[in-house]
Amino acid sequence: MLRRTLLAALLLTTACGGGTGGAPGTIEYWLWDSAQQPGYQKCADAFQRRHPGLRVHISQYGWDEYWSKLTASFIADTAPDVFTDQLAKFPQFVDLEVLRPLDDLVPTADIEDSDFQEGLAELWKGKDGKRYGSPKDWDTIAMFYDTAALRAAGVDPATLGELTWNPRDGGTFEKTIARLTVDQNGVRGDEPGFDRTRVKTYGLAANGGGGDNWGQTQWSAFTGSAGWQATDRNPWGTRFNLDDPVVQDTLRWYFGLVQKGYLASFAAIGGNNVITADKQIQSGIAAMGLSGSWTISSFTGLTDAAGRKLDIGLAPTPIGPTGKRASMFNGLADSITTFSRQPENAAKWVKFMSGEECQNIIGRSGVVFPARPAGTELAIAYNRDERKLDVSAFTDHIADRTTFPLPVTSNAADVTALMRPALDSIFLGEAPATSLTHLNQQLNELFEVSG
Amino acid sequence: MATRTAERARDDTRLALLFILPALIGFVVFLLWPTIRGVYLSFTRFNLLTPARWSGLDNYTRMVQDPVFWNAMGVTVYYVVVNIAIQTALAMVIAVLMQRLTRRTWLRGLVLTPYLVSNVVAALVFLWILDYQLGIGNRVLELIGLDRIAFLADSGWVIPTMALINVWRHVGYTALLIFAGLQTIPETLYEAARVDGANEVRMFRRITLPLLRPVMAVVLIVTVVGSFQVFDTVAITTRGGPVDSSRVLQFYIYEAAFSRFQFGYASAMSVALLAVLVVITFVQYRLTRAGTSDLAGGG
């Protein structure tokens, strides 16, 4: 009797363990951005009308738990059929062999690079040349500012489009953020008697050391416009370039802004529990901040303590020593897991999301720039008409070809684990920028270890 | 008659086994087997998704040479020392006060309330209280004319701050354990001491402390082992930062396993932690002579 009960209990546990894909014909889809969920639900509805036998079930988890949940789902065999993938994370999944090449599935086999914004689709190919993600959107970096803070400082917003920076004296960019910085006595950063240890409003918002994502919203616009590349080639570089004086000079200057009191400090932004740039501007901790195009809706929705809408403006990233601006070019894609028991159905959904109908739905929701040029135009129009916002600070990078892709390399998780503390200690002022040489050595050694 | 007794004895054994069985199954499935498997995995390269490959002592060699591991060990020991020293002293005071000053159950119960709050909630609440920008804790500091302190974002403050957060949460429970120990000391000893003219301090040093030794030994072993395994507070408040200053061993192990997919290396570090805990427990046990009581001998 006991044995039978035990057996039943065991069977019950194993039965609960299974469950990838849920009910037959239901495609499990995961994403992390709650702002994008309504748009993709509309896509799912449209998809279900086209494919009456199939259903799409969307699950949304916040960024932090999304990746650990995904990892756990691979181990527990409860992985989704399709999930939203990110460039910095995707190489690790290729290494772990949990992604299914889209070329091998009939519905997605005919996806062409040329369907999307130039240079986007190529990033999602593995070292084997196979496509592991179908692009859904793209993003670049620009400067969001609080118009009221600029007015109080006597800074004309029109001048922000012409700012230049250099690693020696910071150029007009540093002058501007110094002007925008105010200490607790009301003295501005460029005025005599400024107390850099008691800053009320920083000229520039900070977003951590940038070790997670190659400084995407921190310093990548500066290293990029100084002409630096993170790896010898991209994607799938074989050597890192953090020992290059160009990056070290740039980061010495950038993180040096903390010592000057112009850039929000590690403590001011809540340590490792970072208050994002939009919240820093909202709460008056910062006047201006670099951020990605995916945060347009957060910034434009900001209100003051009384609930009045804040007037937020957009300016392009400053011009660097190369005489050009630069922005990291990144984006999301949809990947199919090897755990999916209905890969062909999953591929139909992926194909649909990368198609015109869904991308136009996403474009009209104005949350991100869709990967297809037509969808991008719709998103630009939405921002112009509904938000009265000119988003050319983001889109000009595409037109002017001033983007560079996020570095895609093997051992991505190890790279992050090594980079995060190393860059945080430069941000904190505990280590000099020259310590990047040692970090570079450690990163290059990863290639040897993994063979 | 004799046969029937034997039969009953055998019946009792079966019954006893039956009662022990659920706990035994739990022990084997959730403790013994994972431990054995963990030790095995520590000798392999294993990324959780593809089969483990035997790699001999590689993980251990790497561990010995890994500065982040040694840093994590140091940070953990620092945390344990601060946490246990303050917690034990405070718990002792509270326990003695509970015994000598109050008989009210609700007051004794009140001491335990922080323990009812989960680690995660306690960490979140203190994260907000101690926030550099908006935290009420820093507001109070400013009101009394001091500078704000980045409690959880400053390398020097982060470990003491975490240790104190967990003292707040655990001290009531520890106090209760000690209080239970105090209850076992016969009141007659105190009466005799009072007759002899001893004051409270003297009675505490000469009667309470020595007779509490076996209980204190158990309390220390339990709290030190628990303290070594600090994780939730770190995961919620700092995720190991700033830089590596709060990257305690458990958190480093977690990162290795679930962010970096190095389950073999994570297992090796877990085995090291197990070894450290076994040694510490053994030493503590011997030093405090936890198995014997002065009360039993003296009568």
# chains A, B, ... in the order shown; residues from 1 in each chain; ligands from 1
>>> interface_residues(of="chain B", to="chain A", cutoff="10 Å", atoms="only C-alpha atoms", output="ChimeraX atom specification")
/B:18,47-50,127-128,130-134,147-155,236-245,255-256,258-262
>>> residues_around(residues="A:Gln282", least_positions_apart="4", cutoff="12 Å", atoms="only C-alpha atoms", output="ChimeraX atom specification")
/A:144-149,201,205,275-278,286-289,298-312
>>> write_last_selection(atoms="N, CA and C atoms", output="PDB file, in the first residue's frame")
ATOM      1  N   PHE A 144      18.063  62.710 -23.198  1.00  0.00           N
ATOM      2  CA  PHE A 144      16.786  63.273 -22.756  1.00  0.00           C
ATOM      3  C   PHE A 144      17.102  64.406 -21.785  1.00  0.00           C
ATOM      4  N   TYR A 145      16.374  65.511 -21.882  1.00  0.00           N
ATOM      5  CA  TYR A 145      16.623  66.583 -20.912  1.00  0.00           C
ATOM      6  C   TYR A 145      15.326  67.155 -20.371  1.00  0.00           C
ATOM      7  N   ASP A 146      15.464  67.754 -19.195  1.00  0.00           N
ATOM      8  CA  ASP A 146      14.362  68.417 -18.529  1.00  0.00           C
ATOM      9  C   ASP A 146      14.386  69.880 -18.971  1.00  0.00           C
ATOM     10  N   THR A 147      13.412  70.273 -19.790  1.00  0.00           N
ATOM     11  CA  THR A 147      13.405  71.624 -20.364  1.00  0.00           C
ATOM     12  C   THR A 147      13.453  72.693 -19.273  1.00  0.00           C
ATOM     13  N   ALA A 148      12.755  72.454 -18.169  1.00  0.00           N
ATOM     14  CA  ALA A 148      12.728  73.447 -17.082  1.00  0.00           C
ATOM     15  C   ALA A 148      14.119  73.646 -16.493  1.00  0.00           C
ATOM     16  N   ALA A 149      14.872  72.550 -16.339  1.00  0.00           N
ATOM     17  CA  ALA A 149      16.226  72.651 -15.781  1.00  0.00           C
ATOM     18  C   ALA A 149      17.138  73.438 -16.728  1.00  0.00           C
ATOM     19  N   THR A 201      21.381  68.727  -7.931  1.00  0.00           N
ATOM     20  CA  THR A 201      21.024  68.237  -9.261  1.00  0.00           C
ATOM     21  C   THR A 201      22.296  68.041 -10.074  1.00  0.00           C
ATOM     22  N   ALA A 205      22.734  62.392 -15.716  1.00  0.00           N
ATOM     23  CA  ALA A 205      22.300  61.206 -14.981  1.00  0.00           C
ATOM     24  C   ALA A 205      23.298  60.086 -15.197  1.00  0.00           C
ATOM     25  N   ILE A 275      18.550  53.678  -9.783  1.00  0.00           N
ATOM     26  CA  ILE A 275      17.381  54.465 -10.152  1.00  0.00           C
ATOM     27  C   ILE A 275      17.619  54.853 -11.608  1.00  0.00           C
ATOM     28  N   THR A 276      16.712  54.528 -12.503  1.00  0.00           N
ATOM     29  CA  THR A 276      16.976  54.761 -13.924  1.00  0.00           C
ATOM     30  C   THR A 276      16.987  56.260 -14.239  1.00  0.00           C
ATOM     31  N   ALA A 277      17.576  56.591 -15.398  1.00  0.00           N
ATOM     32  CA  ALA A 277      17.772  57.989 -15.777  1.00  0.00           C
ATOM     33  C   ALA A 277      16.454  58.770 -15.779  1.00  0.00           C
ATOM     34  N   ASP A 278      15.373  58.131 -16.226  1.00  0.00           N
ATOM     35  CA  ASP A 278      14.095  58.862 -16.261  1.00  0.00           C
ATOM     36  C   ASP A 278      13.658  59.267 -14.854  1.00  0.00           C
ATOM     37  N   ALA A 286      18.924  64.656 -11.576  1.00  0.00           N
ATOM     38  CA  ALA A 286      19.703  64.965 -12.776  1.00  0.00           C
ATOM     39  C   ALA A 286      18.888  65.841 -13.719  1.00  0.00           C
ATOM     40  N   ALA A 287      19.608  66.622 -14.550  1.00  0.00           N
ATOM     41  CA  ALA A 287      18.940  67.516 -15.495  1.00  0.00           C
ATOM     42  C   ALA A 287      18.834  66.890 -16.878  1.00  0.00           C
ATOM     43  N   MET A 288      19.761  65.979 -17.157  1.00  0.00           N
ATOM     44  CA  MET A 288      19.874  65.443 -18.504  1.00  0.00           C
ATOM     45  C   MET A 288      20.386  64.014 -18.385  1.00  0.00           C
ATOM     46  N   GLY A 289      20.056  63.159 -19.329  1.00  0.00           N
ATOM     47  CA  GLY A 289      20.557  61.793 -19.227  1.00  0.00           C
ATOM     48  C   GLY A 289      20.567  61.079 -20.560  1.00  0.00           C
ATOM     49  N   SER A 298       8.634  56.042 -21.324  1.00  0.00           N
ATOM     50  CA  SER A 298       8.823  56.326 -19.895  1.00  0.00           C
ATOM     51  C   SER A 298       9.131  57.802 -19.680  1.00  0.00           C
ATOM     52  N   PHE A 299      10.030  58.346 -20.527  1.00  0.00           N
ATOM     53  CA  PHE A 299      10.421  59.745 -20.350  1.00  0.00           C
ATOM     54  C   PHE A 299       9.259  60.699 -20.642  1.00  0.00           C
ATOM     55  N   THR A 300       8.544  60.426 -21.723  1.00  0.00           N
ATOM     56  CA  THR A 300       7.489  61.367 -22.102  1.00  0.00           C
ATOM     57  C   THR A 300       6.292  61.267 -21.157  1.00  0.00           C
ATOM     58  N   GLY A 301       6.240  60.194 -20.371  1.00  0.00           N
ATOM     59  CA  GLY A 301       5.137  60.052 -19.420  1.00  0.00           C
ATOM     60  C   GLY A 301       5.452  60.616 -18.036  1.00  0.00           C
ATOM     61  N   LEU A 302       6.641  61.212 -17.863  1.00  0.00           N
ATOM     62  CA  LEU A 302       7.042  61.679 -16.527  1.00  0.00           C
ATOM     63  C   LEU A 302       6.176  62.844 -16.040  1.00  0.00           C
ATOM     64  N   THR A 303       5.880  62.810 -14.747  1.00  0.00           N
ATOM     65  CA  THR A 303       5.115  63.910 -14.148  1.00  0.00           C
ATOM     66  C   THR A 303       5.871  64.429 -12.930  1.00  0.00           C
ATOM     67  N   ASP A 304       5.555  65.661 -12.504  1.00  0.00           N
ATOM     68  CA  ASP A 304       6.175  66.187 -11.293  1.00  0.00           C
ATOM     69  C   ASP A 304       5.358  65.754 -10.076  1.00  0.00           C
ATOM     70  N   ALA A 305       5.764  66.210  -8.885  1.00  0.00           N
ATOM     71  CA  ALA A 305       5.112  65.774  -7.657  1.00  0.00           C
ATOM     72  C   ALA A 305       3.623  66.117  -7.658  1.00  0.00           C
ATOM     73  N   ALA A 306       3.256  67.194  -8.350  1.00  0.00           N
ATOM     74  CA  ALA A 306       1.855  67.612  -8.377  1.00  0.00           C
ATOM     75  C   ALA A 306       1.065  66.898  -9.470  1.00  0.00           C
ATOM     76  N   GLY A 307       1.744  66.019 -10.209  1.00  0.00           N
ATOM     77  CA  GLY A 307       1.044  65.262 -11.243  1.00  0.00           C
ATOM     78  C   GLY A 307       1.037  65.948 -12.602  1.00  0.00           C
ATOM     79  N   ARG A 308       1.710  67.117 -12.688  1.00  0.00           N
ATOM     80  CA  ARG A 308       1.780  67.796 -13.992  1.00  0.00           C
ATOM     81  C   ARG A 308       2.836  67.118 -14.859  1.00  0.00           C
ATOM     82  N   LYS A 309       2.571  67.094 -16.150  1.00  0.00           N
ATOM     83  CA  LYS A 309       3.504  66.456 -17.059  1.00  0.00           C
ATOM     84  C   LYS A 309       4.796  67.273 -17.167  1.00  0.00           C
ATOM     85  N   LEU A 310       5.946  66.595 -17.131  1.00  0.00           N
ATOM     86  CA  LEU A 310       7.218  67.295 -17.286  1.00  0.00           C
ATOM     87  C   LEU A 310       7.473  67.516 -18.765  1.00  0.00           C
ATOM     88  N   ASP A 311       8.095  68.651 -19.083  1.00  0.00           N
ATOM     89  CA  ASP A 311       8.459  68.917 -20.471  1.00  0.00           C
ATOM     90  C   ASP A 311       9.835  68.298 -20.731  1.00  0.00           C
ATOM     91  N   ILE A 312       9.830  67.200 -21.458  1.00  0.00           N
ATOM     92  CA  ILE A 312      11.078  66.472 -21.728  1.00  0.00           C
ATOM     93  C   ILE A 312      11.460  66.669 -23.188  1.00  0.00           C
TER      94      ILE A 312
END
>>> select_by_dssp(residues="stretch 37-180 of chain B", states="strand (DSSP E or B)", output="number ranges by chain")
B: 44-45, 53-54
>>> select_by_dssp(residues="stretch 134-203 of chain A", states="helix (DSSP H, G or I)", output="number ranges by chain")
A: 147-153, 157-162, 171-180
>>> write_last_selection(atoms="N, CA and C atoms", output="tab-separated table (two decimals), in the first residue's frame")
chain	number	residue	atom	x	y	z
A	147	THR	N	13.41	70.27	-19.79
A	147	THR	CA	13.41	71.62	-20.36
A	147	THR	C	13.45	72.69	-19.27
A	148	ALA	N	12.75	72.45	-18.17
A	148	ALA	CA	12.73	73.45	-17.08
A	148	ALA	C	14.12	73.65	-16.49
A	149	ALA	N	14.87	72.55	-16.34
A	149	ALA	CA	16.23	72.65	-15.78
A	149	ALA	C	17.14	73.44	-16.73
A	150	LEU	N	16.94	73.23	-18.03
A	150	LEU	CA	17.74	73.97	-19.02
A	150	LEU	C	17.43	75.45	-18.96
A	151	ARG	N	16.12	75.77	-18.85
A	151	ARG	CA	15.70	77.17	-18.80
A	151	ARG	C	16.31	77.84	-17.56
A	152	ALA	N	16.24	77.15	-16.43
A	152	ALA	CA	16.76	77.73	-15.18
A	152	ALA	C	18.26	78.01	-15.29
A	153	ALA	N	18.95	77.17	-16.08
A	153	ALA	CA	20.40	77.32	-16.21
A	153	ALA	C	20.76	78.30	-17.32
A	157	PRO	N	18.10	75.03	-25.54
A	157	PRO	CA	18.04	73.64	-26.01
A	157	PRO	C	18.62	73.46	-27.42
A	158	ALA	N	18.54	74.51	-28.22
A	158	ALA	CA	19.05	74.39	-29.60
A	158	ALA	C	20.55	74.11	-29.61
A	159	THR	N	21.26	74.58	-28.57
A	159	THR	CA	22.72	74.37	-28.55
A	159	THR	C	23.09	72.92	-28.28
A	160	LEU	N	22.15	72.15	-27.74
A	160	LEU	CA	22.47	70.76	-27.39
A	160	LEU	C	22.79	69.92	-28.61
A	161	GLY	N	22.26	70.32	-29.75
A	161	GLY	CA	22.51	69.56	-30.97
A	161	GLY	C	23.92	69.74	-31.50
A	162	GLU	N	24.64	70.73	-30.99
A	162	GLU	CA	25.98	71.04	-31.51
A	162	GLU	C	27.09	70.69	-30.53
A	171	GLY	N	35.17	69.55	-23.61
A	171	GLY	CA	34.51	70.34	-24.66
A	171	GLY	C	33.24	71.05	-24.18
A	172	THR	N	32.41	71.43	-25.15
A	172	THR	CA	31.18	72.16	-24.81
A	172	THR	C	30.19	71.27	-24.07
A	173	PHE	N	30.33	69.96	-24.25
A	173	PHE	CA	29.44	69.04	-23.54
A	173	PHE	C	29.67	69.16	-22.03
A	174	GLU	N	30.95	69.10	-21.63
A	174	GLU	CA	31.24	69.20	-20.20
A	174	GLU	C	30.84	70.57	-19.65
A	175	LYS	N	31.06	71.62	-20.46
A	175	LYS	CA	30.66	72.97	-20.01
A	175	LYS	C	29.16	73.01	-19.73
A	176	THR	N	28.40	72.36	-20.62
A	176	THR	CA	26.94	72.38	-20.47
A	176	THR	C	26.50	71.62	-19.23
A	177	ILE	N	27.05	70.41	-19.02
A	177	ILE	CA	26.59	69.66	-17.85
A	177	ILE	C	27.07	70.33	-16.56
A	178	ALA	N	28.23	71.03	-16.62
A	178	ALA	CA	28.69	71.79	-15.45
A	178	ALA	C	27.67	72.89	-15.13
A	179	ARG	N	27.21	73.56	-16.17
A	179	ARG	CA	26.24	74.63	-16.02
A	179	ARG	C	24.93	74.08	-15.43
A	180	LEU	N	24.55	72.89	-15.84
A	180	LEU	CA	23.27	72.31	-15.40
A	180	LEU	C	23.34	71.75	-13.98
>>> residues_around(residues="A:Gly193", least_positions_apart="6", cutoff="12 Å", atoms="only C-alpha atoms", output="mmCIF file with N, CA and C atoms, in the first residue's frame")
data_model
loop_
_atom_site.group_PDB
_atom_site.id
_atom_site.type_symbol
_atom_site.label_atom_id
_atom_site.label_comp_id
_atom_site.auth_asym_id
_atom_site.auth_seq_id
_atom_site.Cartn_x
_atom_site.Cartn_y
_atom_site.Cartn_z
ATOM 1 N N VAL A 182 23.764 71.756 -10.037
ATOM 2 C CA VAL A 182 23.496 72.736 -8.974
ATOM 3 C C VAL A 182 23.779 72.077 -7.626
ATOM 4 N N ASP A 183 24.518 72.777 -6.748
ATOM 5 C CA ASP A 183 24.751 72.182 -5.428
ATOM 6 C C ASP A 183 23.641 72.603 -4.456
ATOM 7 N N GLN A 184 23.737 72.136 -3.217
ATOM 8 C CA GLN A 184 22.633 72.365 -2.286
ATOM 9 C C GLN A 184 22.471 73.840 -1.900
ATOM 10 N N ASN A 185 23.521 74.655 -2.160
ATOM 11 C CA ASN A 185 23.397 76.083 -1.885
ATOM 12 C C ASN A 185 22.927 76.851 -3.108
ATOM 13 N N GLY A 186 22.623 76.135 -4.174
ATOM 14 C CA GLY A 186 22.153 76.797 -5.389
ATOM 15 C C GLY A 186 23.276 77.291 -6.290
ATOM 16 N N VAL A 187 24.529 76.933 -5.953
ATOM 17 C CA VAL A 187 25.661 77.336 -6.797
ATOM 18 C C VAL A 187 25.794 76.343 -7.947
#
